[in-house]
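First up is the structure itself, then whatever we jot down about it.
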Amino acid sequence: MLIVIQSDKIAVARYAYQLVRNRMQDQSTFVLGLAAGTTPLLLYREMIMGFKIKELDFSGVHTFNLDEYVGLPPDHPQSYYSFMRKYLFKHVNLEKENIHFLSGISKDMEKHCQDYEKQIKQLGGIDLQILGIGRNGHIGFNEPVSSLCSRTMVRALMPGTIDDNKHFFYREGDVPRWVLTMGIGTILDAKNILLLATGPQKANAVASMVEGPVTSMCPASALQMHPEVTVVCDEAAAAKLKQRELYKWLFENDYQVREQSRMKLVHKKTLVRVNE
Ligand code: F6R
């Protein structure tokens with residue numbers, strides 16, 4: 001797990017954008033896993049800018065979102081589909097049929113979840129999964145005590161998460177109690193994972209995810225078992241990490257160097273392709 005600590009949420013979004021751009025530019029077809037919620041919004045804004053300045057091309061990109069509220073149709077103003085449409089989809093050249101989303105109104109939820117997993121597999125798996133983290137350490141909507149190898153399914157939201165999400169709704173009573181979510185096992189199958197965390201309210205969750213034991217009490221701690229995870233957080237979200245200085249050293253001395261040599265390799269491959 002590579003920990004990148006940036007000064008604030010704007011710097012987090014800019015850094016995360018570079019990672020997304022580098023990965024997307026590596027491949028002509030790309031499967032991108034997306035999260036809703038407040039945290040990735042600035043990254044999505046950067047991605048829209050990236051598209052406008054022609055650094056990013058979404059024509060060969062497939063997206064899979066992590067989750068959707070049970071009971072809300074895609075065109076409901078508070079559905080995650082509407083959220084993603086508003087903050088990303090409608091601004092870039094994604095093909096409509098390449099946007100994959102869990103449906104909150106599916107008649108057979110179990111089959112629908114299995115089909116979602118199949119679609120991911122058929123496209124060769126998720127190349128890069130973007131994640132946020134809940135205050136209780138959830139990823140997707142896998143709340144504490146979720147199985148660390150769970151697959152896509154329907155789950156109940158915990159009271160704290162309902163409270164955290166009520167600002168998206170008119171009243172707390174409007175927040176659906178159930179969600180469809182990719183499982184932790186589904187998330188761990190992604191080839192690369194990029195988790196963003198900003199603000200002091202995420203500091204405990206970030207510390208448990210990175211420095212705590214791997215436990216279903218903190219679902220994000222399962223990411224310790226994945227070989228390609230980058231956590232980009234601001235100083236406030238990193239405040240409770242005991243080994244902050246070590247992560248900064250590793251970032252400067254190891255990670256940066258690896259990223260640069262990886263980019264040189266990609267560049268070399270592109271040159272070879274051009275010369276051929
Ligand atoms: C949303 C999702 C959630 C959020 C998490 C943090 O699709 O999967 O895990 O990433 O609840 O939400 P924000 O970013 O609103 O603090």
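Residue numbering restarts at 1 in every chain; chains get A, B, ... in the order shown in the structure tokens, and ligands count up from 1 in that same order.
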
May I have the residues within 10 Å of ligand 1, computed using only C-alpha atoms and all ligand atoms, as a VMD selection string?
chain A and resid 34 to 41 65 to 69 80 83 to 84 130 to 143 161 to 162 164 to 165 167 to 168 181 to 182 195 to 199 201 to 202 220

Can you pull out the residues contacting Tyr255 in chain A? Cut-off 12 Å, using only C-alpha atoms, and skip same-chain residues under 2 positions away; I want them as a PDB file with all heavy atoms, in the first residue's frame.
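The resulting file, result.pdb, is reproduced below:
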ATOM      1  N   MET A   1       0.854  -1.190   0.000  1.00  0.00           N
ATOM      2  CA  MET A   1       0.000   0.000   0.000  1.00  0.00           C
ATOM      3  C   MET A   1       0.891   1.242   0.000  1.00  0.00           C
ATOM      4  O   MET A   1       1.766   1.358   0.847  1.00  0.00           O
ATOM      5  CB  MET A   1      -0.857  -0.033   1.278  1.00  0.00           C
ATOM      6  CG  MET A   1      -2.046   0.862   1.237  1.00  0.00           C
ATOM      7  SD  MET A   1      -2.929   0.798   2.807  1.00  0.00           S
ATOM      8  CE  MET A   1      -4.220  -0.375   2.467  1.00  0.00           C
ATOM      9  N   LEU A   2       0.675   2.104  -0.984  1.00  0.00           N
ATOM     10  CA  LEU A   2       1.489   3.316  -1.054  1.00  0.00           C
ATOM     11  C   LEU A   2       0.672   4.493  -0.551  1.00  0.00           C
ATOM     12  O   LEU A   2      -0.469   4.689  -0.988  1.00  0.00           O
ATOM     13  CB  LEU A   2       1.926   3.561  -2.494  1.00  0.00           C
ATOM     14  CG  LEU A   2       2.910   2.499  -2.941  1.00  0.00           C
ATOM     15  CD1 LEU A   2       2.833   2.246  -4.418  1.00  0.00           C
ATOM     16  CD2 LEU A   2       4.318   2.895  -2.541  1.00  0.00           C
ATOM     17  N   ILE A   3       1.246   5.236   0.367  1.00  0.00           N
ATOM     18  CA  ILE A   3       0.501   6.334   0.985  1.00  0.00           C
ATOM     19  C   ILE A   3       1.080   7.647   0.471  1.00  0.00           C
ATOM     20  O   ILE A   3       2.274   7.909   0.642  1.00  0.00           O
ATOM     21  CB  ILE A   3       0.638   6.311   2.534  1.00  0.00           C
ATOM     22  CG1 ILE A   3       0.544   4.877   3.078  1.00  0.00           C
ATOM     23  CG2 ILE A   3      -0.368   7.251   3.191  1.00  0.00           C
ATOM     24  CD1 ILE A   3      -0.750   4.190   2.844  1.00  0.00           C
ATOM     25  N   VAL A   4       0.241   8.443  -0.152  1.00  0.00           N
ATOM     26  CA  VAL A   4       0.677   9.740  -0.682  1.00  0.00           C
ATOM     27  C   VAL A   4      -0.054  10.816   0.108  1.00  0.00           C
ATOM     28  O   VAL A   4      -1.287  10.874   0.083  1.00  0.00           O
ATOM     29  CB  VAL A   4       0.333   9.851  -2.183  1.00  0.00           C
ATOM     30  CG1 VAL A   4       0.814  11.179  -2.746  1.00  0.00           C
ATOM     31  CG2 VAL A   4       0.917   8.685  -2.966  1.00  0.00           C
ATOM     32  N   GLU A 228      -1.538  -3.548  -5.448  1.00  0.00           N
ATOM     33  CA  GLU A 228      -1.425  -2.259  -6.163  1.00  0.00           C
ATOM     34  C   GLU A 228      -2.441  -1.247  -5.645  1.00  0.00           C
ATOM     35  O   GLU A 228      -3.396  -0.902  -6.342  1.00  0.00           O
ATOM     36  CB  GLU A 228      -1.643  -2.481  -7.675  1.00  0.00           C
ATOM     37  CG  GLU A 228      -0.543  -3.241  -8.389  1.00  0.00           C
ATOM     38  CD  GLU A 228       0.789  -2.500  -8.444  1.00  0.00           C
ATOM     39  OE1 GLU A 228       0.801  -1.263  -8.304  1.00  0.00           O
ATOM     40  OE2 GLU A 228       1.818  -3.183  -8.611  1.00  0.00           O
ATOM     41  N   VAL A 229      -2.233  -0.802  -4.432  1.00  0.00           N
ATOM     42  CA  VAL A 229      -3.152   0.194  -3.855  1.00  0.00           C
ATOM     43  C   VAL A 229      -2.393   1.487  -3.611  1.00  0.00           C
ATOM     44  O   VAL A 229      -1.307   1.485  -3.029  1.00  0.00           O
ATOM     45  CB  VAL A 229      -3.731  -0.285  -2.503  1.00  0.00           C
ATOM     46  CG1 VAL A 229      -4.622   0.806  -1.879  1.00  0.00           C
ATOM     47  CG2 VAL A 229      -4.529  -1.565  -2.686  1.00  0.00           C
ATOM     48  N   THR A 230      -2.946   2.592  -4.070  1.00  0.00           N
ATOM     49  CA  THR A 230      -2.398   3.905  -3.737  1.00  0.00           C
ATOM     50  C   THR A 230      -3.461   4.657  -2.946  1.00  0.00           C
ATOM     51  O   THR A 230      -4.606   4.777  -3.390  1.00  0.00           O
ATOM     52  CB  THR A 230      -2.044   4.700  -5.019  1.00  0.00           C
ATOM     53  OG1 THR A 230      -1.181   3.898  -5.819  1.00  0.00           O
ATOM     54  CG2 THR A 230      -1.341   6.001  -4.672  1.00  0.00           C
ATOM     55  N   TYR A 247       6.020   7.233   5.421  1.00  0.00           N
ATOM     56  CA  TYR A 247       5.281   7.217   4.150  1.00  0.00           C
ATOM     57  C   TYR A 247       5.791   8.311   3.214  1.00  0.00           C
ATOM     58  O   TYR A 247       5.882   8.121   2.010  1.00  0.00           O
ATOM     59  CB  TYR A 247       3.772   7.368   4.371  1.00  0.00           C
ATOM     60  CG  TYR A 247       3.222   6.371   5.370  1.00  0.00           C
ATOM     61  CD1 TYR A 247       2.328   6.762   6.359  1.00  0.00           C
ATOM     62  CD2 TYR A 247       3.632   5.044   5.348  1.00  0.00           C
ATOM     63  CE1 TYR A 247       1.852   5.860   7.288  1.00  0.00           C
ATOM     64  CE2 TYR A 247       3.169   4.138   6.281  1.00  0.00           C
ATOM     65  CZ  TYR A 247       2.281   4.546   7.252  1.00  0.00           C
ATOM     66  OH  TYR A 247       1.829   3.654   8.172  1.00  0.00           O
ATOM     67  N   LYS A 248       6.118   9.465   3.820  1.00  0.00           N
ATOM     68  CA  LYS A 248       6.629  10.565   2.989  1.00  0.00           C
ATOM     69  C   LYS A 248       7.979  10.159   2.385  1.00  0.00           C
ATOM     70  O   LYS A 248       8.255  10.415   1.223  1.00  0.00           O
ATOM     71  CB  LYS A 248       6.748  11.847   3.815  1.00  0.00           C
ATOM     72  CG  LYS A 248       5.380  12.456   4.098  1.00  0.00           C
ATOM     73  CD  LYS A 248       5.473  13.769   4.835  1.00  0.00           C
ATOM     74  CE  LYS A 248       4.072  14.322   5.097  1.00  0.00           C
ATOM     75  NZ  LYS A 248       4.015  15.437   6.006  1.00  0.00           N
ATOM     76  N   TRP A 249       8.813   9.501   3.184  1.00  0.00           N
ATOM     77  CA  TRP A 249      10.127   9.059   2.706  1.00  0.00           C
ATOM     78  C   TRP A 249       9.950   8.034   1.577  1.00  0.00           C
ATOM     79  O   TRP A 249      10.588   8.109   0.524  1.00  0.00           O
ATOM     80  CB  TRP A 249      10.923   8.448   3.873  1.00  0.00           C
ATOM     81  CG  TRP A 249      12.331   8.120   3.474  1.00  0.00           C
ATOM     82  CD1 TRP A 249      13.429   8.914   3.587  1.00  0.00           C
ATOM     83  CD2 TRP A 249      12.782   6.897   2.851  1.00  0.00           C
ATOM     84  NE1 TRP A 249      14.528   8.281   3.076  1.00  0.00           N
ATOM     85  CE2 TRP A 249      14.169   7.042   2.616  1.00  0.00           C
ATOM     86  CE3 TRP A 249      12.154   5.716   2.475  1.00  0.00           C
ATOM     87  CZ2 TRP A 249      14.931   6.040   2.026  1.00  0.00           C
ATOM     88  CZ3 TRP A 249      12.915   4.712   1.878  1.00  0.00           C
ATOM     89  CH2 TRP A 249      14.286   4.889   1.665  1.00  0.00           C
ATOM     90  N   LEU A 250       9.048   7.066   1.810  1.00  0.00           N
ATOM     91  CA  LEU A 250       8.824   6.033   0.790  1.00  0.00           C
ATOM     92  C   LEU A 250       8.305   6.647  -0.506  1.00  0.00           C
ATOM     93  O   LEU A 250       8.701   6.249  -1.604  1.00  0.00           O
ATOM     94  CB  LEU A 250       7.794   5.009   1.292  1.00  0.00           C
ATOM     95  CG  LEU A 250       8.314   3.979   2.276  1.00  0.00           C
ATOM     96  CD1 LEU A 250       7.171   3.197   2.887  1.00  0.00           C
ATOM     97  CD2 LEU A 250       9.278   3.016   1.579  1.00  0.00           C
ATOM     98  N   PHE A 251       7.455   7.644  -0.357  1.00  0.00           N
ATOM     99  CA  PHE A 251       6.888   8.309  -1.533  1.00  0.00           C
ATOM    100  C   PHE A 251       7.999   8.975  -2.346  1.00  0.00           C
ATOM    101  O   PHE A 251       8.102   8.791  -3.557  1.00  0.00           O
ATOM    102  CB  PHE A 251       5.850   9.336  -1.082  1.00  0.00           C
ATOM    103  CG  PHE A 251       5.323  10.181  -2.202  1.00  0.00           C
ATOM    104  CD1 PHE A 251       4.597   9.619  -3.233  1.00  0.00           C
ATOM    105  CD2 PHE A 251       5.548  11.545  -2.217  1.00  0.00           C
ATOM    106  CE1 PHE A 251       4.106  10.395  -4.267  1.00  0.00           C
ATOM    107  CE2 PHE A 251       5.064  12.330  -3.248  1.00  0.00           C
ATOM    108  CZ  PHE A 251       4.344  11.748  -4.279  1.00  0.00           C
ATOM    109  N   GLU A 252       8.879   9.722  -1.651  1.00  0.00           N
ATOM    110  CA  GLU A 252       9.960  10.435  -2.343  1.00  0.00           C
ATOM    111  C   GLU A 252      10.986   9.484  -2.933  1.00  0.00           C
ATOM    112  O   GLU A 252      11.494   9.692  -4.025  1.00  0.00           O
ATOM    113  CB  GLU A 252      10.700  11.377  -1.375  1.00  0.00           C
ATOM    114  CG  GLU A 252       9.848  12.506  -0.814  1.00  0.00           C
ATOM    115  CD  GLU A 252       9.355  13.455  -1.894  1.00  0.00           C
ATOM    116  OE1 GLU A 252       9.962  13.492  -2.977  1.00  0.00           O
ATOM    117  OE2 GLU A 252       8.330  14.139  -1.662  1.00  0.00           O
ATOM    118  N   ASN A 253      11.324   8.414  -2.185  1.00  0.00           N
ATOM    119  CA  ASN A 253      12.474   7.588  -2.552  1.00  0.00           C
ATOM    120  C   ASN A 253      12.142   6.322  -3.306  1.00  0.00           C
ATOM    121  O   ASN A 253      13.011   5.735  -3.917  1.00  0.00           O
ATOM    122  CB  ASN A 253      13.258   7.208  -1.290  1.00  0.00           C
ATOM    123  CG  ASN A 253      13.884   8.434  -0.684  1.00  0.00           C
ATOM    124  OD1 ASN A 253      14.920   8.886  -1.138  1.00  0.00           O
ATOM    125  ND2 ASN A 253      13.224   9.001   0.315  1.00  0.00           N
ATOM    126  N   VAL A 257      10.096   7.160  -7.956  1.00  0.00           N
ATOM    127  CA  VAL A 257      11.066   6.574  -8.877  1.00  0.00           C
ATOM    128  C   VAL A 257      10.401   5.480  -9.704  1.00  0.00           C
ATOM    129  O   VAL A 257      10.552   5.396 -10.917  1.00  0.00           O
ATOM    130  CB  VAL A 257      12.266   5.996  -8.072  1.00  0.00           C
ATOM    131  CG1 VAL A 257      13.234   5.283  -8.987  1.00  0.00           C
ATOM    132  CG2 VAL A 257      12.944   7.095  -7.299  1.00  0.00           C
ATOM    133  N   ARG A 258       9.602   4.638  -8.993  1.00  0.00           N
ATOM    134  CA  ARG A 258       8.924   3.546  -9.705  1.00  0.00           C
ATOM    135  C   ARG A 258       7.951   4.078 -10.741  1.00  0.00           C
ATOM    136  O   ARG A 258       7.875   3.600 -11.865  1.00  0.00           O
ATOM    137  CB  ARG A 258       8.151   2.677  -8.699  1.00  0.00           C
ATOM    138  CG  ARG A 258       8.966   1.491  -8.269  1.00  0.00           C
ATOM    139  CD  ARG A 258       8.069   0.398  -7.812  1.00  0.00           C
ATOM    140  NE  ARG A 258       7.721   0.581  -6.409  1.00  0.00           N
ATOM    141  CZ  ARG A 258       6.650   0.045  -5.846  1.00  0.00           C
ATOM    142  NH1 ARG A 258       5.807  -0.657  -6.563  1.00  0.00           N
ATOM    143  NH2 ARG A 258       6.412   0.212  -4.582  1.00  0.00           N
ATOM    144  N   GLU A 259       7.161   5.097 -10.350  1.00  0.00           N
ATOM    145  CA  GLU A 259       6.182   5.687 -11.283  1.00  0.00           C
ATOM    146  C   GLU A 259       6.893   6.249 -12.504  1.00  0.00           C
ATOM    147  O   GLU A 259       6.478   6.054 -13.630  1.00  0.00           O
ATOM    148  CB  GLU A 259       5.402   6.820 -10.606  1.00  0.00           C
ATOM    149  CG  GLU A 259       4.112   6.412  -9.955  1.00  0.00           C
ATOM    150  CD  GLU A 259       3.088   5.792 -10.898  1.00  0.00           C
ATOM    151  OE1 GLU A 259       2.599   6.478 -11.804  1.00  0.00           O
ATOM    152  OE2 GLU A 259       2.787   4.604 -10.730  1.00  0.00           O
ATOM    153  N   GLN A 260       8.035   6.959 -12.231  1.00  0.00           N
ATOM    154  CA  GLN A 260       8.744   7.583 -13.355  1.00  0.00           C
ATOM    155  C   GLN A 260       9.290   6.531 -14.313  1.00  0.00           C
ATOM    156  O   GLN A 260       9.168   6.655 -15.522  1.00  0.00           O
ATOM    157  CB  GLN A 260       9.869   8.466 -12.845  1.00  0.00           C
ATOM    158  CG  GLN A 260       9.355   9.864 -12.519  1.00  0.00           C
ATOM    159  CD  GLN A 260      10.312  10.612 -11.627  1.00  0.00           C
ATOM    160  OE1 GLN A 260      11.501  10.297 -11.600  1.00  0.00           O
ATOM    161  NE2 GLN A 260       9.804  11.578 -10.895  1.00  0.00           N
ATOM    162  N   SER A 261       9.878   5.454 -13.749  1.00  0.00           N
ATOM    163  CA  SER A 261      10.449   4.461 -14.663  1.00  0.00           C
ATOM    164  C   SER A 261       9.331   3.721 -15.383  1.00  0.00           C
ATOM    165  O   SER A 261       9.469   3.358 -16.544  1.00  0.00           O
ATOM    166  CB  SER A 261      11.382   3.497 -13.946  1.00  0.00           C
ATOM    167  OG  SER A 261      10.713   2.915 -12.886  1.00  0.00           O
ATOM    168  N   ARG A 262       8.181   3.555 -14.719  1.00  0.00           N
ATOM    169  CA  ARG A 262       7.037   2.939 -15.390  1.00  0.00           C
ATOM    170  C   ARG A 262       6.597   3.816 -16.568  1.00  0.00           C
ATOM    171  O   ARG A 262       6.353   3.345 -17.659  1.00  0.00           O
ATOM    172  CB  ARG A 262       5.875   2.802 -14.395  1.00  0.00           C
ATOM    173  CG  ARG A 262       4.873   1.720 -14.744  1.00  0.00           C
ATOM    174  CD  ARG A 262       3.718   1.760 -13.786  1.00  0.00           C
ATOM    175  NE  ARG A 262       2.964   2.976 -13.974  1.00  0.00           N
ATOM    176  CZ  ARG A 262       2.029   3.137 -14.908  1.00  0.00           C
ATOM    177  NH1 ARG A 262       1.710   2.144 -15.674  1.00  0.00           N
ATOM    178  NH2 ARG A 262       1.419   4.287 -15.052  1.00  0.00           N
TER     179      ARG A 262
END

Go through range 30-216 of chain A and collect every residue that DSSP, computed from the backbone, puts in strand (DSSP E); the answer should be as a PyMOL selection string.
chain A and resi 30-34+61-65+67-69+99-100+128-131+153-156+178-181+192-197

Please provide as a count of residues only all residues within 10 Å of Lys242 in chain A, with the sequence filter that same-chain residues fewer than 6 positions apart are discarded (counting only C-alpha atoms).
3

With only C-alpha atoms as the counted atoms, please give the residues lying no more than 7 Å from range 99-111 of chain A, apart from itself and same-chain residues fewer than 2 positions off, as an NGL selection string.
:A and (62-65 or 67-73 or 95-97 or 113-115 or 153 or 180)

Between CA of Leu88 in chain A and CA of Leu42 in chain A, what is the distance, to one decimal in Å?
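CA of Leu42 in chain A lies at a distance of 10.5 Å from CA of Leu88 in chain A.
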